[in-house]
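See structure below.
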Amino acid sequence: WDPGSGLRFDPTRVLLDPYARGTAVPDGYRRTAAWEPADASVPMKSVVVDTSRYDWEGDRPLVQPFRETIVYEAHLAGFTKHPSSGVAPERRGTYAGFIEKIPYLVDLGVTAVEFLPVFQFDAQTAPEGLTNYWGYQTVSFFAPPAAYATRPAPLVAVDECRDLVKALHRAAVGAGLPPDA
């Protein structure tokens with residue numbers, strides 16, 4: 001620790017890697033813990049993800065000319081959070097819940113979905129008494145939001161987000177869109 005020489009390592013702090021592919025958000029997470037002496041049970045943590053472990057089952061990006069693309073922008077959790085969504089209660093507001101709504105999107109003619117938010121963010125970065133619902137102020141650019149998983153295990157969000165991408169691609173292929181050649 002020698003800031004005058006550019007050395008700013010502080011062993012009392014737990015840091016989050018903004019380029020991690022996964023995050024763990026403990027039940028007792030508090031944003032203000034970043035300013036307190038380190039308590040490793042409180043801060044968000046980066047999770048190492050073995051990208052070779054997931055089976056994409058041959059899934060590849062789709063080729064769709066933009067002029068033929070109909071984009072549906074949706075809040076990933078908000079799209080299924082309300083009981084009127086028809087999604088099973090245990091899957092409302094999750095990646096798995098969104099999968100249940102894919103047939104509805106196909107019926108609308110949607111060919112692409114743009115999710116908001118799609119990166120891990122800090123829900124506590126909001127004025128007192130409010131929540132950062134829209135996911136502004138990303139804290140991990142390659143990690144899907146852990147809060148949208150059906151279970152709190154750190155890698156569940158990563159796998160369920162991938163499952164959602166596969167399901168969306170399969171629905172598009174089923175609707176006649178060509179897979180990437």
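Simple scheme: letters A, B, ... for chains in structure tokens order, numbers from 1 for residues in each chain, numbers from 1 for ligands in the order shown.
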
Contacts of range 152-158 of chain A at 10 Å (only C-alpha atoms; same-chain gap of 2+ positions) as a ChimeraX atom specification: /A:21-27,45-51,54,94-96,142-150,160-163

Considering only C-alpha atoms, return as a PyMOL selection string whatever protein or nucleic-acid residues lie within 10 Å of Gly109 in chain A, sequence-local ones (same chain, fewer than 5 positions apart) excluded. chain A and resi 69-72+103-104+172+175

Based on the backbone DSSP call, show me all residues of chain A assigned strand (DSSP E or B), as a ChimeraX atom specification. /A:2,7,22-24,45-47,62,71-75,112-116,120-121,138-140,179

Using N, CA, C and O atoms, can you write the selected residues to a file as a tab-separated table (two decimals), in the first residue's frame?
chain	number	residue	atom	x	y	z
A	2	ASP	N	1.04	1.84	-1.16
A	2	ASP	CA	1.86	3.03	-1.29
A	2	ASP	C	1.28	3.88	-2.42
A	2	ASP	O	1.80	3.91	-3.54
A	7	LEU	N	0.89	2.29	-5.96
A	7	LEU	CA	0.50	0.99	-5.41
A	7	LEU	C	-0.73	1.18	-4.51
A	7	LEU	O	-0.63	1.82	-3.47
A	22	GLY	N	-19.22	-14.57	-14.06
A	22	GLY	CA	-20.24	-14.92	-13.10
A	22	GLY	C	-20.04	-14.13	-11.82
A	22	GLY	O	-18.94	-13.66	-11.54
A	23	THR	N	-21.12	-13.96	-11.07
A	23	THR	CA	-21.04	-13.26	-9.78
A	23	THR	C	-21.85	-14.01	-8.73
A	23	THR	O	-22.80	-14.71	-9.05
A	24	ALA	N	-21.45	-13.81	-7.50
A	24	ALA	CA	-22.21	-14.33	-6.37
A	24	ALA	C	-22.63	-13.11	-5.54
A	24	ALA	O	-21.80	-12.26	-5.23
A	45	LYS	N	-19.14	-11.03	-5.18
A	45	LYS	CA	-17.87	-11.65	-5.52
A	45	LYS	C	-17.89	-12.13	-6.97
A	45	LYS	O	-18.93	-12.51	-7.49
A	46	SER	N	-16.72	-12.12	-7.59
A	46	SER	CA	-16.57	-12.68	-8.93
A	46	SER	C	-16.54	-14.20	-8.81
A	46	SER	O	-16.07	-14.76	-7.83
A	47	VAL	N	-17.03	-14.86	-9.85
A	47	VAL	CA	-17.03	-16.32	-9.89
A	47	VAL	C	-16.30	-16.75	-11.15
A	47	VAL	O	-16.56	-16.23	-12.25
A	62	LEU	N	-27.73	-16.94	-35.09
A	62	LEU	CA	-28.60	-16.98	-36.26
A	62	LEU	C	-28.20	-15.88	-37.24
A	62	LEU	O	-27.68	-14.85	-36.85
A	71	VAL	N	-37.46	-6.54	-33.43
A	71	VAL	CA	-36.85	-6.57	-32.10
A	71	VAL	C	-37.90	-6.30	-31.03
A	71	VAL	O	-38.70	-5.38	-31.15
A	72	TYR	N	-37.88	-7.12	-30.00
A	72	TYR	CA	-38.74	-6.93	-28.84
A	72	TYR	C	-37.83	-6.61	-27.68
A	72	TYR	O	-36.98	-7.41	-27.31
A	73	GLU	N	-37.95	-5.42	-27.12
A	73	GLU	CA	-37.13	-5.03	-25.97
A	73	GLU	C	-37.90	-5.35	-24.70
A	73	GLU	O	-39.07	-4.98	-24.58
A	74	ALA	N	-37.25	-6.05	-23.79
A	74	ALA	CA	-37.95	-6.48	-22.58
A	74	ALA	C	-37.03	-6.42	-21.37
A	74	ALA	O	-35.84	-6.71	-21.46
A	75	HIS	N	-37.62	-6.08	-20.23
A	75	HIS	CA	-36.92	-6.22	-18.96
A	75	HIS	C	-36.96	-7.70	-18.63
A	75	HIS	O	-38.04	-8.29	-18.55
A	112	ALA	N	-36.04	-11.15	-32.71
A	112	ALA	CA	-34.88	-10.86	-31.86
A	112	ALA	C	-35.38	-10.23	-30.56
A	112	ALA	O	-36.36	-9.49	-30.56
A	113	VAL	N	-34.70	-10.55	-29.48
A	113	VAL	CA	-35.05	-9.99	-28.18
A	113	VAL	C	-33.85	-9.21	-27.66
A	113	VAL	O	-32.72	-9.69	-27.70
A	114	GLU	N	-34.12	-8.00	-27.18
A	114	GLU	CA	-33.09	-7.18	-26.54
A	114	GLU	C	-33.46	-7.10	-25.07
A	114	GLU	O	-34.53	-6.60	-24.72
A	115	PHE	N	-32.57	-7.62	-24.23
A	115	PHE	CA	-32.85	-7.65	-22.79
A	115	PHE	C	-32.29	-6.44	-22.07
A	115	PHE	O	-31.19	-5.98	-22.36
A	116	LEU	N	-33.03	-5.97	-21.12
A	116	LEU	CA	-32.61	-4.93	-20.19
A	116	LEU	C	-32.99	-5.43	-18.81
A	116	LEU	O	-34.16	-5.75	-18.60
A	120	GLN	N	-24.66	-8.12	-14.82
A	120	GLN	CA	-24.78	-8.00	-13.36
A	120	GLN	C	-24.66	-6.53	-12.96
A	120	GLN	O	-23.76	-5.83	-13.38
A	121	PHE	N	-25.61	-6.09	-12.17
A	121	PHE	CA	-25.62	-4.71	-11.69
A	121	PHE	C	-25.89	-4.73	-10.20
A	121	PHE	O	-26.22	-5.76	-9.62
A	138	THR	N	-23.59	-1.03	-14.48
A	138	THR	CA	-23.12	-2.40	-14.54
A	138	THR	C	-21.88	-2.56	-13.65
A	138	THR	O	-21.02	-1.72	-13.62
A	139	VAL	N	-21.81	-3.68	-12.94
A	139	VAL	CA	-20.63	-3.97	-12.13
A	139	VAL	C	-19.82	-5.14	-12.69
A	139	VAL	O	-18.68	-5.31	-12.32
A	140	SER	N	-20.40	-5.92	-13.57
A	140	SER	CA	-19.68	-7.04	-14.18
A	140	SER	C	-20.23	-7.22	-15.59
A	140	SER	O	-21.35	-7.67	-15.78
A	179	PRO	N	-29.96	-21.05	-39.33
A	179	PRO	CA	-28.82	-20.95	-38.43
A	179	PRO	C	-27.61	-20.44	-39.20
A	179	PRO	O	-27.58	-20.50	-40.42

With only C-alpha atoms as the counted atoms, please give the residues lying no more than 10 Å from Ser85 in chain A, apart from itself and same-chain residues fewer than 6 positions off, as an NGL selection string. :A and (78-79 or 92-93 or 97-98 or 100-101)

Dump as a short mmCIF file (atom, residue, chain, number, x, y, z; two decimals), in the first residue's frame, selection limited to all heavy atoms:
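Saved file out_6.cif follows:
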data_model
loop_
_atom_site.label_atom_id
_atom_site.label_comp_id
_atom_site.auth_asym_id
_atom_site.auth_seq_id
_atom_site.Cartn_x
_atom_site.Cartn_y
_atom_site.Cartn_z
N GLY A 78 -38.96 -8.32 -15.36
CA GLY A 78 -40.27 -7.67 -15.35
C GLY A 78 -41.26 -8.28 -16.33
O GLY A 78 -42.46 -8.24 -16.11
N PHE A 79 -40.77 -8.88 -17.41
CA PHE A 79 -41.62 -9.47 -18.43
C PHE A 79 -42.49 -10.60 -17.88
O PHE A 79 -43.58 -10.85 -18.37
CB PHE A 79 -40.73 -9.98 -19.57
CG PHE A 79 -41.46 -10.45 -20.79
CD1 PHE A 79 -42.15 -9.54 -21.59
CD2 PHE A 79 -41.45 -11.78 -21.16
CE1 PHE A 79 -42.81 -9.96 -22.73
CE2 PHE A 79 -42.10 -12.20 -22.30
CZ PHE A 79 -42.79 -11.30 -23.08
N ARG A 92 -41.35 -16.97 -12.10
CA ARG A 92 -41.60 -15.58 -12.45
C ARG A 92 -40.34 -14.74 -12.20
O ARG A 92 -39.71 -14.86 -11.17
CB ARG A 92 -42.76 -15.01 -11.63
CG ARG A 92 -44.08 -15.57 -12.04
CD ARG A 92 -45.21 -14.92 -11.27
NE ARG A 92 -46.43 -15.70 -11.48
CZ ARG A 92 -47.35 -15.91 -10.57
NH1 ARG A 92 -47.23 -15.37 -9.36
NH2 ARG A 92 -48.41 -16.63 -10.85
N GLY A 93 -40.03 -13.87 -13.16
CA GLY A 93 -38.88 -12.98 -13.01
C GLY A 93 -37.55 -13.64 -13.22
O GLY A 93 -36.52 -13.10 -12.83
N GLY A 97 -38.41 -18.47 -16.51
CA GLY A 97 -39.75 -17.92 -16.75
C GLY A 97 -39.86 -17.29 -18.12
O GLY A 97 -40.90 -17.39 -18.79
N PHE A 98 -38.81 -16.63 -18.56
CA PHE A 98 -38.83 -16.01 -19.89
C PHE A 98 -38.97 -17.07 -20.97
O PHE A 98 -39.66 -16.87 -21.96
CB PHE A 98 -37.58 -15.17 -20.12
CG PHE A 98 -37.77 -14.12 -21.17
CD1 PHE A 98 -38.08 -12.81 -20.82
CD2 PHE A 98 -37.67 -14.43 -22.52
CE1 PHE A 98 -38.28 -11.85 -21.80
CE2 PHE A 98 -37.86 -13.47 -23.50
CZ PHE A 98 -38.18 -12.18 -23.14
N GLU A 100 -40.70 -19.68 -20.87
CA GLU A 100 -42.13 -20.03 -20.98
C GLU A 100 -42.89 -19.08 -21.90
O GLU A 100 -43.92 -19.44 -22.45
CB GLU A 100 -42.79 -20.02 -19.60
CG GLU A 100 -42.37 -21.15 -18.70
CD GLU A 100 -43.17 -21.18 -17.41
OE1 GLU A 100 -44.37 -20.82 -17.43
OE2 GLU A 100 -42.60 -21.59 -16.39
N LYS A 101 -42.40 -17.86 -22.07
CA LYS A 101 -43.09 -16.85 -22.88
C LYS A 101 -42.61 -16.80 -24.34
O LYS A 101 -43.12 -16.01 -25.14
CB LYS A 101 -42.92 -15.46 -22.25
CG LYS A 101 -43.50 -15.34 -20.85
CD LYS A 101 -44.99 -15.65 -20.81
CE LYS A 101 -45.79 -14.57 -21.48
NZ LYS A 101 -47.24 -14.76 -21.38
#
